[in-house]
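The block underneath contains the structure these notes are about, expressed in structure tokens.
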Amino acid sequence: PHRHAVFGHPISHSLSPAIHRSFAREFGLDLRYDAIDAPAETFAAQLAEFRAQGGGGANVTLPLKSLAFGLCAQVSDYAARTGVVNTLEPLPGGGWRGHNTDGPGLIADLVERQRQDLRERDLLLLGAGGAAQGVAFALLDAGVRSLTIANRHAERADALADRIGEPGRVHVRYWDDLATQGSWDFIINATSAGVEGGSMDLPFAIVAPRALCYDLSYGRGATQFLAWARTAHAVHVFDGLGMLVEQAAEAFAIWHGRRPDTEAIYAELRARLD
Ligand code: ATR
């Protein structure tokens with residue numbers, strides 16, 4: 001069988017094995033896909049062992065995406081811009097080529113599945129960690145008019161803005177000042193607050209009319225951020241399940257040369273989470 005895995009910590013609740021098994025069924029591929037719990041300290045050794053035992057392409061999630069970038073012999077142009085890798089493609093002579101399919105996956109979900117027009121939107125990106133880094137460049141490529149980054153620790157927002165290097169279009173705001181800095185018609189939650197059980201204090205005043213709010217995370221029922229967005233009268237409200245399925249499809253295409261249809265597994269997982 002083709003052997004794949006996702007590495008992360010924690011990893012036990014990962015939906016990636018179910019998604020990739022569903023894709024494999026679509027093409028009649030004999031595929032094994034495991035979830036491997038890997039703390040940062042032992043990730044490199046675990047990845048090497050996976051490869052030595054015949055492992056092929058791998059996915060990488062929290063908190064390993066920057067580490068994975070550093071382990072790659074080559075990276076795609078998009079991954080090079082972001083500095084974070086979520087998909088590892090085995091190179092024939094050994095070593096890995098790193099990709100980041102989170103950005104393309106988010107755009108595929110927003111534009112193709114949810115039929116949203118991102119051009120001319122003013123985007124507020126909450127968070128500046130690995131998840132934010134992975135999607136910021138794709139959102140700029142997709143044509144948002146401006147990107148404002150706010151992070152609890154401001155220096156990380158500055159670092160991401162510097163990495164992007166488009167001072168005319170990319171701005172940084174202090175998290176605690178958001179209430180007085182205007183409003184946005186596109187807000188993305190790229191923090192891990194929900195995942196880690198933390199809470200965020202966000203003013204309703206930042207939500208402009210006709211707003212689109214997107215949470216990169218997902219869970220059973222509405223996430224805390226999406227519940228907040230609904231209360232603030234955002235018109236379009238989506239969680240990150242669609243992005244999860246689309247980034248997986250992009251990874252599958254890198255490994256197997258064919259992009260699977262995502263509708264069936266998306267509907268199945270949506271029903272499971274609702
Ligand atoms: P990820 O890969 O999910 O981005 P990360 O790199 O650890 O993980 O980044 C976590 C992000 O969530 C950061 O932007 C973090 O803010 P800080 O850099 O200030 O720590 C943000 N975050 C986590 N918990 C939060 C909370 N309760 N409120 C606001 N931001 C939070």
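Ligands are numbered from 1 in the order shown, chains are lettered A, B, ... in the order of the structure tokens, and residues start at 1 in each chain.
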- prompt: Skipping near chain neighbours, those fewer than 5 positions away, what residues fall within 10 Å of range 234-237 of chain A using only C-alpha atoms, listed as a PyMOL selection string?
  reply: chain A and resi 114+116+185-187+204+207-215+222+225-229
message: I want to know what sits within 12 Å of Gly197 in chain A, based on only C-alpha atoms, with residues of the same chain fewer than 2 positions away left out; could you give that as a PyMOL selection string?
response: chain A and resi 191-195+199-200+217+219+223-225
So that each row is one residue of chain A with an atom at most 8 Å from ligand 1, can you give its shortest atom pair and the distance in Å to one decimal, using only C-alpha atoms and all ligand atoms, rows by chain and rising number, as CSV?
```
residue,atom,partner,partner_atom_place_in_ligand_line,distance
A:Thr61,CA,ligand 1,2 (O),7.4
A:Leu62,CA,ligand 1,2 (O),5.3
A:Pro63,CA,ligand 1,2 (O),5.9
A:Leu64,CA,ligand 1,2 (O),7.9
A:Lys65,CA,ligand 1,2 (O),7.0
A:Leu126,CA,ligand 1,14 (O),7.1
A:Gly127,CA,ligand 1,14 (O),3.4
A:Ala128,CA,ligand 1,14 (O),4.2
A:Gly129,CA,ligand 1,6 (O),3.3
A:Gly130,CA,ligand 1,2 (O),3.6
A:Ala131,CA,ligand 1,4 (O),3.8
A:Ala132,CA,ligand 1,4 (O),5.7
A:Gln133,CA,ligand 1,4 (O),7.5
A:Asn151,CA,ligand 1,19 (O),5.3
A:Arg152,CA,ligand 1,19 (O),3.7
A:His153,CA,ligand 1,19 (O),3.7
A:Ala154,CA,ligand 1,19 (O),7.0
A:Arg156,CA,ligand 1,18 (O),6.0
A:Ala157,CA,ligand 1,18 (O),8.0
A:Ala190,CA,ligand 1,4 (O),6.2
A:Thr191,CA,ligand 1,12 (O),3.2
A:Ser192,CA,ligand 1,12 (O),4.1
A:Ala193,CA,ligand 1,24 (N),3.7
A:Gly194,CA,ligand 1,24 (N),7.5
A:Glu196,CA,ligand 1,24 (N),6.8
A:Gly197,CA,ligand 1,27 (N),7.7
A:Gly198,CA,ligand 1,27 (N),4.2
A:Ser199,CA,ligand 1,27 (N),4.7
A:Met200,CA,ligand 1,28 (N),4.7
A:Asp201,CA,ligand 1,28 (N),7.5
```
Wanna dump the range 125-178 of chain A-range 94-101 of chain A contacts at 10 Å for me, each residue with its shortest atom pair and the distance in Å to one decimal, counting only C-alpha atoms, ordered by chain and number, as JSON lines?
```
{"residue": "A:Gly134", "atom": "CA", "partner": "A:Asn100", "partner_atom": "CA", "distance": 6.7}
{"residue": "A:Val135", "atom": "CA", "partner": "A:Thr101", "partner_atom": "CA", "distance": 8.9}
{"residue": "A:Ala138", "atom": "CA", "partner": "A:Thr101", "partner_atom": "CA", "distance": 9.8}
```
For the residues in the current selection, export C-alpha atoms as a PDB file, in the first residue's frame.
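Written output follows (out32.pdb):
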```pdb
ATOM      1  CA  GLY A 134       0.289  29.855   5.725  1.00  0.00           C
ATOM      2  CA  VAL A 135      -2.780  31.680   4.393  1.00  0.00           C
ATOM      3  CA  ALA A 138      -2.725  33.204  -0.795  1.00  0.00           C
TER       4      ALA A 138
END
```
query: Would you give me, as a list in words, the residues in range 152-222 of chain A that DSSP reads as strand (DSSP E)?
result: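 Of range 152-222 of chain A, only Val170, His171, Val172, Arg173, Tyr174, Trp184, Asp185, Phe186, Ile187, Ile188, Asn189, Val207, Ala208, Pro209, Arg210, Ala211, Leu212, Cys213, Tyr214 and Asp215 of chain A fall in strand (DSSP E).
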task: Calculate how many Å separate CA of Gly143 in chain A from CA of Leu118 in chain A, rounding to one decimal.
output: 6.4 Å
message: Which residues are near range 22-30 of chain A? Cut-off 12 Å, only C-alpha atoms, ignore same chain within fewer than 5 positions. Put them as a PyMOL selection string.
response: chain A and resi 1-4+15-17+245-246+248-253+255-269
Separation of CA of Asp109 in chain A from CA of Leu244 in chain A in Å: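 Between CA of Leu244 in chain A and CA of Asp109 in chain A the gap works out to 8.9 Å.
Within the 7 Å cut-off around range 167-182 of chain A, using only C-alpha atoms and omitting residues fewer than 4 positions from it on the same chain, the listed residues are Ser146, Leu147, Thr148, Ile149, Ala150, Asn151, Arg152, Ala154, Ala157, Asp158, Ala161, Pro203, Ala205 and Ile206 of chain A.
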query: What is the distance, in Å and to one decimal place, between CA of Ala5 in chain A and CA of Ala58 in chain A?
result: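 According to the coordinates, CA of Ala5 in chain A and CA of Ala58 in chain A are separated by 5.0 Å.
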task: Looking only at alpha helix (DSSP H) from DSSP on the backbone, list the matching residues of range 108-209 of chain A as a ChimeraX atom specification.
output: /A:130-141,154-164
Since we have the selection now, will you write its residues out, keeping N, CA and C atoms, as a compact mmCIF listing (two decimals), in the first residue's frame?
```txt
# COMPACT_ATOMS: atom_id res chain seq x y z
N GLY A 130 1.73 30.13 12.82
CA GLY A 130 1.91 29.30 11.62
C GLY A 130 0.69 29.29 10.72
N ALA A 131 -0.49 29.24 11.29
CA ALA A 131 -1.71 29.18 10.48
C ALA A 131 -1.89 30.48 9.69
N ALA A 132 -1.68 31.61 10.34
CA ALA A 132 -1.81 32.91 9.67
C ALA A 132 -0.77 33.05 8.56
N GLN A 133 0.46 32.67 8.86
CA GLN A 133 1.53 32.73 7.87
C GLN A 133 1.18 31.92 6.62
N GLY A 134 0.59 30.76 6.84
CA GLY A 134 0.29 29.86 5.73
C GLY A 134 -0.75 30.40 4.76
N VAL A 135 -1.68 31.22 5.26
CA VAL A 135 -2.78 31.68 4.39
C VAL A 135 -2.63 33.12 3.92
N ALA A 136 -1.84 33.95 4.59
CA ALA A 136 -1.80 35.38 4.28
C ALA A 136 -1.43 35.64 2.81
N PHE A 137 -0.44 34.91 2.31
CA PHE A 137 0.05 35.15 0.95
C PHE A 137 -1.00 34.76 -0.09
N ALA A 138 -1.69 33.65 0.14
CA ALA A 138 -2.72 33.20 -0.80
C ALA A 138 -3.88 34.20 -0.84
N LEU A 139 -4.20 34.81 0.29
CA LEU A 139 -5.29 35.78 0.35
C LEU A 139 -4.92 37.05 -0.41
N LEU A 140 -3.67 37.46 -0.29
CA LEU A 140 -3.20 38.62 -1.07
C LEU A 140 -3.23 38.28 -2.56
N ASP A 141 -2.77 37.07 -2.91
CA ASP A 141 -2.79 36.65 -4.32
C ASP A 141 -4.23 36.62 -4.84
N ALA A 154 2.25 41.79 19.68
CA ALA A 154 2.34 42.59 18.45
C ALA A 154 3.58 42.30 17.62
N GLU A 155 4.67 41.89 18.25
CA GLU A 155 5.91 41.73 17.47
C GLU A 155 5.79 40.61 16.44
N ARG A 156 4.91 39.64 16.71
CA ARG A 156 4.72 38.57 15.71
C ARG A 156 3.95 39.08 14.49
N ALA A 157 3.02 40.01 14.72
CA ALA A 157 2.30 40.63 13.60
C ALA A 157 3.26 41.46 12.76
N ASP A 158 4.15 42.19 13.43
CA ASP A 158 5.17 42.97 12.70
C ASP A 158 6.05 42.05 11.85
N ALA A 159 6.43 40.93 12.43
CA ALA A 159 7.33 40.00 11.72
C ALA A 159 6.65 39.45 10.46
N LEU A 160 5.35 39.14 10.57
CA LEU A 160 4.63 38.62 9.40
C LEU A 160 4.49 39.71 8.34
N ALA A 161 4.17 40.93 8.76
CA ALA A 161 4.06 42.04 7.80
C ALA A 161 5.40 42.28 7.10
N ASP A 162 6.49 42.20 7.86
CA ASP A 162 7.82 42.38 7.25
C ASP A 162 8.11 41.28 6.24
N ARG A 163 7.72 40.07 6.60
CA ARG A 163 7.96 38.94 5.70
C ARG A 163 7.21 39.13 4.39
N ILE A 164 5.98 39.65 4.46
CA ILE A 164 5.18 39.88 3.26
C ILE A 164 5.79 41.01 2.43
```
